[in-house]
file structure-v6.cif (mmCIF, C-alpha atoms)
data_entry
#
loop_
_atom_site.label_atom_id
_atom_site.label_comp_id
_atom_site.auth_asym_id
_atom_site.auth_seq_id
_atom_site.Cartn_x
_atom_site.Cartn_y
_atom_site.Cartn_z
CA MET A 67 -33.02 -55.90 7.98
CA LEU A 68 -30.07 -54.87 10.09
CA ASN A 69 -27.65 -55.55 7.22
CA ARG A 70 -29.77 -53.43 4.83
CA LEU A 71 -29.85 -50.62 7.40
CA VAL A 72 -26.06 -50.73 7.80
CA VAL A 73 -25.59 -50.65 4.04
CA ALA A 74 -28.01 -47.75 3.70
CA LEU A 75 -26.25 -45.77 6.45
CA ALA A 76 -22.87 -46.50 4.91
CA GLY A 77 -24.12 -45.27 1.56
CA ALA A 78 -25.54 -42.12 3.07
CA LEU A 79 -22.31 -41.46 4.96
CA SER A 80 -20.26 -42.05 1.83
CA GLY A 81 -22.46 -39.65 -0.09
CA ALA A 82 -22.15 -37.01 2.61
CA LEU A 83 -18.39 -37.39 2.69
CA GLY A 84 -18.34 -37.12 -1.08
CA LEU A 85 -20.33 -33.89 -0.96
CA THR A 86 -18.04 -32.55 1.77
CA SER A 87 -14.95 -33.41 -0.27
CA ALA A 88 -16.46 -31.74 -3.32
CA ALA A 89 -17.21 -28.61 -1.33
CA LEU A 90 -13.72 -28.53 0.12
CA ALA A 91 -12.22 -29.05 -3.32
CA GLU A 92 -13.88 -25.84 -4.50
CA VAL A 93 -12.04 -23.70 -1.95
CA PRO A 94 -9.02 -22.08 -3.63
CA ARG A 95 -5.62 -23.25 -2.50
CA VAL A 96 -3.72 -20.13 -1.52
CA ALA A 97 0.02 -19.72 -0.85
CA VAL A 98 1.26 -16.55 0.89
CA ASP A 99 4.88 -15.51 1.29
CA VAL A 100 5.23 -13.98 4.79
CA ALA A 101 3.35 -14.30 8.07
CA PRO A 102 1.89 -10.75 8.40
CA VAL A 103 0.28 -10.92 4.95
CA HIS A 104 -0.68 -14.57 5.52
CA SER A 105 -2.57 -13.42 8.62
CA LEU A 106 -4.68 -10.98 6.60
CA VAL A 107 -5.46 -13.63 4.00
CA ALA A 108 -6.33 -16.13 6.75
CA ARG A 109 -8.75 -13.58 8.23
CA VAL A 110 -10.54 -13.20 4.89
CA MET A 111 -10.69 -17.00 4.44
CA GLN A 112 -11.79 -17.68 8.03
CA GLY A 113 -14.58 -20.27 8.12
CA VAL A 114 -13.92 -21.29 4.51
CA GLY A 115 -10.30 -22.44 4.23
CA THR A 116 -6.75 -21.91 5.39
CA PRO A 117 -3.91 -20.44 3.30
CA ALA A 118 -0.43 -21.98 3.25
CA LEU A 119 2.57 -20.01 4.51
CA VAL A 120 5.73 -20.18 2.39
CA VAL A 121 8.32 -18.48 4.65
CA ARG A 122 8.26 -19.88 8.17
CA PRO A 123 8.12 -17.37 11.05
CA GLY A 124 11.48 -16.18 12.34
CA ALA A 125 13.30 -16.73 9.04
CA SER A 126 14.64 -13.87 6.93
CA PRO A 127 12.43 -13.46 3.86
CA HIS A 128 15.26 -11.95 1.79
CA GLY A 129 17.20 -15.19 1.50
CA TYR A 130 15.30 -18.40 2.14
CA SER A 131 15.38 -22.06 1.13
CA MET A 132 11.91 -23.57 0.94
CA ARG A 133 11.16 -26.84 2.66
CA PRO A 134 9.58 -29.55 0.49
CA SER A 135 6.17 -28.89 2.08
CA GLU A 136 6.45 -25.18 1.30
CA ALA A 137 7.46 -25.84 -2.30
CA ALA A 138 4.53 -28.26 -2.59
CA ALA A 139 2.14 -25.62 -1.29
CA LEU A 140 3.42 -23.23 -3.96
CA GLU A 141 3.08 -25.88 -6.67
CA GLN A 142 -0.50 -26.73 -5.67
CA ALA A 143 -1.65 -23.12 -5.28
CA ASP A 144 -4.50 -21.64 -7.26
CA VAL A 145 -3.51 -18.20 -5.96
CA VAL A 146 -0.07 -16.94 -4.87
CA ILE A 147 -0.02 -13.74 -2.83
CA TRP A 148 3.38 -12.19 -2.21
CA VAL A 149 4.73 -8.80 -1.27
CA GLY A 150 7.08 -8.72 -4.23
CA GLU A 151 10.60 -9.15 -5.50
CA ALA A 152 11.93 -6.38 -3.26
CA LEU A 153 11.19 -8.55 -0.19
CA THR A 154 11.65 -12.09 -1.50
CA PRO A 155 13.77 -11.91 -4.70
CA TRP A 156 14.31 -15.68 -4.68
CA LEU A 157 10.56 -16.37 -4.84
CA GLU A 158 10.02 -14.97 -8.33
CA GLY A 159 11.75 -17.97 -9.90
CA GLY A 160 9.81 -20.36 -7.67
CA ILE A 161 6.51 -18.85 -8.73
CA GLU A 162 7.44 -19.04 -12.41
CA THR A 163 8.58 -22.64 -12.06
CA LEU A 164 6.21 -24.16 -9.53
CA ALA A 165 3.10 -21.99 -9.77
CA ALA A 166 2.93 -21.12 -13.45
CA ARG A 167 -0.81 -21.87 -13.61
CA ALA A 168 -1.73 -19.88 -10.48
CA ARG A 169 -3.15 -16.37 -10.23
CA VAL A 170 -0.38 -14.18 -8.81
CA VAL A 171 -1.01 -11.10 -6.67
CA GLU A 172 2.11 -8.96 -6.15
CA LEU A 173 1.20 -6.42 -3.48
CA LEU A 174 3.90 -3.86 -4.24
CA GLU A 175 2.42 -3.62 -7.75
CA ALA A 176 -1.22 -3.46 -6.64
CA GLU A 177 -3.13 -0.20 -7.10
CA GLU A 178 -4.36 -0.52 -3.51
CA THR A 179 -0.86 -0.26 -2.07
CA ARG A 180 0.85 2.91 -0.94
CA VAL A 181 4.54 2.37 -1.67
CA LEU A 182 7.59 4.17 -0.33
CA ASP A 183 11.10 4.38 -1.71
CA LEU A 184 13.99 3.08 0.34
CA ARG A 185 15.84 5.61 2.46
CA ASP A 186 19.61 5.89 2.43
CA GLY A 187 22.28 7.56 4.50
CA VAL A 188 23.03 7.29 8.20
CA ALA A 189 20.34 9.71 9.35
CA PHE A 190 16.71 10.05 8.27
CA GLY A 191 14.84 13.33 8.12
CA ALA A 192 11.39 14.76 7.80
CA ALA A 193 11.74 14.36 4.04
CA GLN A 194 10.57 10.77 4.49
CA ASP A 195 7.01 12.15 4.52
CA ASP A 196 7.51 13.37 0.97
CA ALA A 197 8.37 9.82 -0.12
CA ALA A 198 4.78 8.65 0.37
CA HIS A 199 2.99 8.22 -2.94
CA ASP A 200 -0.72 8.43 -3.69
CA HIS A 201 -2.48 5.09 -3.94
CA ASP A 202 -3.23 5.65 -7.62
CA HIS A 203 0.27 6.59 -8.72
CA ASP A 204 2.09 4.77 -11.52
CA HIS A 205 3.99 1.88 -9.97
CA ASP A 206 5.96 1.20 -13.15
CA HIS A 207 8.47 3.98 -12.61
CA HIS A 208 9.95 2.17 -9.62
CA ASP A 209 12.89 -0.17 -9.72
CA HIS A 210 12.06 -3.12 -7.45
CA GLU A 211 15.39 -2.63 -5.69
CA GLY A 212 14.42 0.96 -4.88
CA LEU A 213 11.18 0.07 -3.08
CA ASP A 214 10.81 -0.34 0.65
CA PRO A 215 9.08 -3.74 0.81
CA HIS A 216 7.67 -3.56 4.38
CA ALA A 217 4.31 -2.23 3.18
CA TRP A 218 2.22 -4.30 5.63
CA LEU A 219 3.38 -2.03 8.45
CA ASP A 220 1.07 0.67 7.10
CA PRO A 221 -2.34 -0.44 8.45
CA GLU A 222 -4.05 1.53 5.70
CA ASN A 223 -2.40 -0.82 3.23
CA ALA A 224 -3.62 -3.78 5.26
CA ARG A 225 -7.20 -2.46 5.16
CA ARG A 226 -7.15 -2.11 1.41
CA TRP A 227 -5.58 -5.52 0.89
CA LEU A 228 -8.45 -7.20 2.71
CA GLY A 229 -10.84 -6.14 -0.03
CA LEU A 230 -8.31 -7.10 -2.69
CA PHE A 231 -7.99 -10.60 -1.23
CA ALA A 232 -11.74 -11.01 -0.96
CA GLY A 233 -12.15 -10.08 -4.62
CA GLU A 234 -9.41 -12.43 -5.81
CA LEU A 235 -10.86 -15.32 -3.82
CA ALA A 236 -14.42 -14.62 -4.94
CA ALA A 237 -13.34 -14.70 -8.58
CA LEU A 238 -12.20 -18.30 -8.11
CA ASP A 239 -14.81 -19.32 -5.57
CA PRO A 240 -18.11 -17.48 -6.21
CA GLU A 241 -19.96 -19.84 -3.85
CA HIS A 242 -18.15 -18.30 -0.85
CA ALA A 243 -17.93 -14.74 -2.19
CA ALA A 244 -20.35 -13.40 0.43
CA GLN A 245 -18.32 -14.97 3.24
CA TYR A 246 -15.06 -13.52 1.93
CA ALA A 247 -16.66 -10.07 1.62
CA GLU A 248 -18.17 -10.26 5.10
CA ASN A 249 -14.87 -11.38 6.63
CA ALA A 250 -13.02 -8.57 4.86
CA ALA A 251 -15.52 -5.95 6.02
CA THR A 252 -15.37 -7.19 9.62
CA ALA A 253 -11.57 -7.23 9.54
CA GLU A 254 -11.48 -3.68 8.14
CA ALA A 255 -13.61 -2.52 11.07
CA GLU A 256 -11.29 -4.34 13.47
CA ILE A 257 -8.27 -2.60 11.96
CA ASP A 258 -10.04 0.75 12.28
CA VAL A 259 -10.42 0.14 16.01
CA LEU A 260 -6.82 -1.05 16.24
CA MET A 261 -5.52 2.06 14.44
CA GLY A 262 -7.33 4.30 16.88
CA ALA A 263 -5.93 2.40 19.86
CA ILE A 264 -2.38 2.51 18.47
CA LYS A 265 -2.49 6.25 17.82
CA ALA A 266 -3.76 6.83 21.36
CA GLU A 267 -0.99 4.63 22.73
CA LEU A 268 1.70 6.52 20.83
CA ALA A 269 0.39 10.06 21.37
CA PRO A 270 2.45 10.65 24.55
CA VAL A 271 5.73 9.80 22.78
CA LYS A 272 5.22 11.82 19.58
CA GLY A 273 8.44 13.65 18.81
CA ALA A 274 10.68 11.24 20.74
CA ARG A 275 13.84 10.35 18.83
CA PHE A 276 14.91 6.75 18.31
CA LEU A 277 17.08 4.44 16.21
CA VAL A 278 16.06 1.08 14.73
CA TYR A 279 18.19 -1.92 13.87
CA HIS A 280 17.29 -2.01 10.19
CA ASP A 281 15.18 0.32 8.10
CA ALA A 282 11.93 -1.65 8.16
CA TYR A 283 9.55 0.78 9.84
CA GLN A 284 9.13 3.66 7.43
CA TYR A 285 5.53 2.72 6.57
CA PHE A 286 4.56 2.63 10.23
CA GLU A 287 6.37 5.92 10.87
CA VAL A 288 4.65 7.76 8.04
CA TRP A 289 1.24 6.45 9.12
CA SER A 290 1.70 7.05 12.86
CA GLY A 291 3.61 10.33 12.77
CA LEU A 292 6.64 8.90 14.55
CA ALA A 293 10.03 9.26 12.88
CA ALA A 294 13.14 7.14 13.36
CA SER A 295 16.32 9.19 13.30
CA GLY A 296 18.38 6.45 11.65
CA ALA A 297 18.98 2.72 11.24
CA ILE A 298 21.99 0.69 12.30
CA ALA A 299 21.71 -1.39 9.11
CA LEU A 300 19.87 -0.31 5.97
CA GLY A 301 18.67 -3.86 5.32
CA ASP A 302 18.34 -7.07 7.29
CA ALA A 303 20.70 -8.76 4.85
CA ALA A 304 23.49 -6.23 5.41
CA ASP A 305 25.76 -5.87 8.43
CA PRO A 306 26.56 -2.30 9.47
CA GLY A 307 30.13 -1.09 9.00
CA PRO A 308 32.21 0.43 11.83
CA ALA A 309 31.91 3.95 10.40
CA ARG A 310 28.13 3.76 10.33
CA VAL A 311 27.95 2.44 13.89
CA ALA A 312 30.31 5.19 15.09
CA ALA A 313 28.24 7.89 13.36
CA LEU A 314 25.05 6.61 14.95
CA ARG A 315 26.65 6.46 18.38
CA ASP A 316 27.68 10.10 17.96
CA MET A 317 24.10 10.91 16.92
CA ALA A 318 22.75 9.14 19.99
CA ARG A 319 25.03 11.21 22.22
CA THR A 320 24.36 14.59 20.61
CA GLN A 321 20.73 14.42 19.45
CA ASP A 322 18.93 13.13 22.54
CA ILE A 323 18.11 9.68 21.17
CA ALA A 324 15.70 8.13 23.67
CA CYS A 325 15.79 4.50 22.58
CA VAL A 326 17.57 2.10 20.22
CA PHE A 327 15.57 -0.90 19.02
CA SER A 328 17.00 -4.29 18.15
CA GLU A 329 15.12 -7.21 16.54
CA PRO A 330 14.69 -10.86 17.60
CA GLN A 331 16.44 -12.10 14.45
CA PHE A 332 19.67 -10.27 15.33
CA ASP A 333 22.11 -10.44 18.22
CA PRO A 334 21.13 -7.62 20.62
CA LYS A 335 24.69 -7.35 21.94
CA LEU A 336 25.60 -4.78 19.28
CA VAL A 337 22.87 -2.46 20.53
CA THR A 338 23.64 -2.92 24.22
CA ARG A 339 27.40 -2.72 23.70
CA VAL A 340 27.42 0.38 21.48
CA PHE A 341 24.42 2.31 22.81
CA GLY A 342 23.85 0.89 26.27
CA ASP A 343 25.16 3.91 28.14
CA VAL A 344 23.56 6.59 25.96
CA ALA A 345 20.00 5.42 25.22
CA GLY A 346 17.33 2.99 26.28
CA HIS A 347 16.93 -0.39 24.59
CA GLY A 348 13.79 -1.98 23.16
CA VAL A 349 12.87 -4.74 20.69
CA LEU A 350 10.75 -4.43 17.54
CA ASP A 351 9.73 -7.38 15.38
CA PRO A 352 8.33 -6.44 11.94
CA MET A 353 7.83 -10.11 11.00
CA ALA A 354 6.00 -11.19 14.21
CA SER A 355 8.37 -14.13 14.56
CA ASP A 356 7.17 -14.94 18.08
CA HIS A 357 3.50 -15.12 17.12
CA ALA A 358 1.64 -18.19 15.86
CA PRO A 359 0.61 -17.82 12.20
CA GLY A 360 -3.09 -17.21 11.68
CA PRO A 361 -5.76 -14.51 11.54
CA ASP A 362 -4.78 -12.99 14.91
CA LEU A 363 -1.11 -12.47 14.03
CA TYR A 364 -1.47 -9.16 12.18
CA PRO A 365 -3.31 -7.20 14.91
CA ASP A 366 -1.05 -8.80 17.54
CA LEU A 367 2.02 -7.69 15.56
CA MET A 368 0.87 -4.10 15.22
CA TRP A 369 -0.19 -3.76 18.84
CA ALA A 370 3.04 -5.36 20.11
CA MET A 371 5.07 -2.90 18.05
CA ALA A 372 3.10 0.07 19.36
CA ARG A 373 3.51 -1.12 22.93
CA ALA A 374 7.27 -1.63 22.51
CA LEU A 375 7.66 1.89 21.11
CA ALA A 376 5.48 3.50 23.76
CA THR A 377 7.17 1.62 26.61
CA CYS A 378 10.78 2.33 25.66
CA LEU A 379 10.27 5.89 24.45
CA GLY A 380 8.02 6.73 27.38
CA ALA A 381 10.50 5.41 29.93
CA GLN A 382 13.14 7.88 28.73
CA ARG A 383 10.96 11.00 28.96
#

call {"tool": "encode", "arguments": {"input": "structure-v6.cif", "output": "C-alpha cells"}}
result
Amino acid sequence: MLNRLVVALAGALSGALGLTSAALAEVPRVAVDVAPVHSLVARVMQGVGTPALVVRPGASPHGYSMRPSEAAALEQADVVIWVGEALTPWLEGGIETLAARARVVELLEAEETRVLDLRDGVAFGAAQDDAAHDHDHDHDHHDHEGLDPHAWLDPENARRWLGLFAGELAALDPEHAAQYAENAATAEAEIDVLMGAIKAELAPVKGARFLVYHDAYQYFEVWSGLAASGAIALGDAADPGPARVAALRDMARTQDIACVFSEPQFDPKLVTRVFGDVAGHGVLDPMASDHAPGPDLYPDLMWAMARALATCLGAQR
C-alpha cells in the first residue's frame, strides 16, 4: 500500500512539474539591449517571466562585446527589443545572425516614439524645442546616425512603449495577454505619478543654466522644460578636444553656468579640473549603471536624475 501511494504521489508530482514546464515554455523569451528599456519590459512581464539583458549595466552601449551568456540569450529569443542602430550599431549584425527567427522591435522606428535629431556645436539653444517631432511623423526620412538615441529619457516615450511591449508579448502569448495589459496599465499610472513628482522637484530650478558631459539628455530637457547650455562631448564614444573644452570654460565664466554634470562612466577629473572654480559639480547617469536591473530601475533612474539636477542647480541659486 505504501509503495503504491509513493508511486501515485510521484506520478502526480511528475505530472504537475510537466504542466508547470509546459506553462513556462509558453512564456516568450525576450532579449532587451539596455537596462532602462529592459526595466520597462520587465515591468510588463512581472509575474509572468523575466527578460534577458544584453548590455550589462555600466558598459557603454555604443561599443560592446557580448559575453557568451548574452549572445545565447539573443540566440534563444522569441522577441528582441532594442533602441536601434543609433545606440548599439554593433547589435544589428548580432540580431541578423543570432536572432533571425525572432520578432524584432526597434524603438527608434516605432510609431509610438517621439524622436529627436542630434544636436551639434559647442552651445545648445532654444531651437532644440523645434527638433521634437510628432509621434506620427515619418521616421524614414532620418539617417540613423542623425538620431539622438536616448529616447527612454522622455517619460512620455516610456509610457507609450509599455503598451507596445504588452501588445508584442500578447501576440506571442495570448494566455497571459490580460496580465501584460494590466501590468502595462499599472506601470503607465505609476509613470504619471512619477512625472508629476519630477516636474514639482524641478520647478524651483527652471531656467538655471548647466553643462552636461555628453549630449544624452535632450529628451529629458524637452519634456521637463530644462535646457542644457552645452555638452563637453557630443557623444560618449568621443573625447572632447582642447578647443571645445576651452570654449565651454569661457561659456561657464560668462553665461552664469550653475552646474557642470559628469557621468559615472567617465573620469570626473576633467570636470573638476576645468570647471571646478567657476561652477558647481553634479553627476548624471542616463544608463542607471549603479542600479540593479529589473522593473524598479526605470523609475529609480528618472527620479535619481531629477534629484541630481535639483540638488546641484538649487545649491547655486

call {"tool": "resolve_selection", "arguments": {"input": "structure-v6.cif", "expression": "the PyMOL selection byres ((chain A and resi 353) around 8)", "output": "ChimeraX atom specification"}}
result
/A:100-102,123-124,351-352,354-355,367

call {"tool": "residues_near_point", "arguments": {"input": "structure-v6.cif", "point": "(1.4, -23.3, -2.4)", "cutoff": "12 Å", "atoms": "only C-alpha atoms", "output": "PyMOL selection string"}}
result
chain A and resi 94-99+104+116-121+132-148+157+160-161+164-170

call {"tool": "resolve_selection", "arguments": {"input": "structure-v6.cif", "expression": "the PyMOL selection byres ((chain A and resi 218) around 10)", "output": "tab-separated table (two decimals) with C-alpha atoms, in the coordinates of the input"}}
result
chain	number	residue	atom	x	y	z
A	102	PRO	CA	1.89	-10.75	8.40
A	103	VAL	CA	0.28	-10.92	4.95
A	106	LEU	CA	-4.68	-10.98	6.60
A	149	VAL	CA	4.73	-8.80	-1.27
A	173	LEU	CA	1.20	-6.42	-3.48
A	179	THR	CA	-0.86	-0.26	-2.07
A	180	ARG	CA	0.85	2.91	-0.94
A	215	PRO	CA	9.08	-3.74	0.81
A	216	HIS	CA	7.67	-3.56	4.38
A	217	ALA	CA	4.31	-2.23	3.18
A	219	LEU	CA	3.38	-2.03	8.45
A	220	ASP	CA	1.07	0.67	7.10
A	221	PRO	CA	-2.34	-0.44	8.45
A	222	GLU	CA	-4.05	1.53	5.70
A	223	ASN	CA	-2.40	-0.82	3.23
A	224	ALA	CA	-3.62	-3.78	5.26
A	225	ARG	CA	-7.20	-2.46	5.16
A	227	TRP	CA	-5.58	-5.52	0.89
A	283	TYR	CA	9.55	0.78	9.84
A	285	TYR	CA	5.53	2.72	6.57
A	286	PHE	CA	4.56	2.63	10.23
A	352	PRO	CA	8.33	-6.44	11.94
A	353	MET	CA	7.83	-10.11	11.00
A	364	TYR	CA	-1.47	-9.16	12.18
A	368	MET	CA	0.87	-4.10	15.22

call {"tool": "atom_distance", "arguments": {"input": "structure-v6.cif", "atom1": "CA of Leu213 in chain A", "atom2": "CA of Val181 in chain A"}}
result
7.2 Å

call {"tool": "atom_distance", "arguments": {"input": "structure-v6.cif", "atom1": "CA of Ser328 in chain A", "atom2": "CA of Gly150 in chain A"}}
result
24.9 Å

call {"tool": "closest_residue", "arguments": {"input": "structure-v6.cif", "among": "A:Glu151, A:Glu256, A:Asp316, A:Glu267", "to": "Glu172 in chain A", "atoms": "only C-alpha atoms"}}
result
A:Glu151

call {"tool": "residues_around", "arguments": {"input": "structure-v6.cif", "residues": "range 107-115 of chain A", "least_positions_apart": "6", "cutoff": "8 Å", "atoms": "all atoms listed in the file", "output": "number ranges by chain"}}
result
A: 93-94, 98, 228, 231-232, 242, 245-247, 249-250, 253, 360-362

call {"tool": "resolve_selection", "arguments": {"input": "structure-v6.cif", "expression": "the PyMOL selection byres ((chain A and resi 317) around 12)", "output": "MDAnalysis selection string"}}
result
chainID A and resid 188:190 275:277 295:298 310:316 318:326 340:341 344:345

call {"tool": "residues_around", "arguments": {"input": "structure-v6.cif", "residues": "Cys378 in chain A", "least_positions_apart": "5", "cutoff": "7 Å", "atoms": "all atoms listed in the file", "output": "PDB file with C-alpha atoms, in the coordinates of the input"}}
result
ATOM      1  CA  CYS A 325      15.790   4.500  22.580  1.00  0.00           C
ATOM      2  CA  GLY A 346      17.330   2.990  26.280  1.00  0.00           C
ATOM      3  CA  HIS A 347      16.930  -0.390  24.590  1.00  0.00           C
ATOM      4  CA  GLY A 348      13.790  -1.980  23.160  1.00  0.00           C
TER       5      GLY A 348
END

call {"tool": "atom_distance", "arguments": {"input": "structure-v6.cif", "atom1": "CA of Ala152 in chain A", "atom2": "CA of Leu350 in chain A"}}
result
20.9 Å

call {"tool": "closest_residue", "arguments": {"input": "structure-v6.cif", "among": "A:Met371, A:Ala243, A:Ala358, A:Ala274", "to": "Glu329 in chain A", "atoms": "only C-alpha atoms"}}
result
A:Met371

call {"tool": "axis_aligned_box", "arguments": {"input": "structure-v6.cif", "around": "range 150-156 of chain A", "padding_each_side": "8 Å", "output": "JSON"}}
result
{"center_x": 10.7, "center_y": -11.0, "center_z": -2.8, "size_x": 23.2, "size_y": 25.3, "size_z": 21.3}
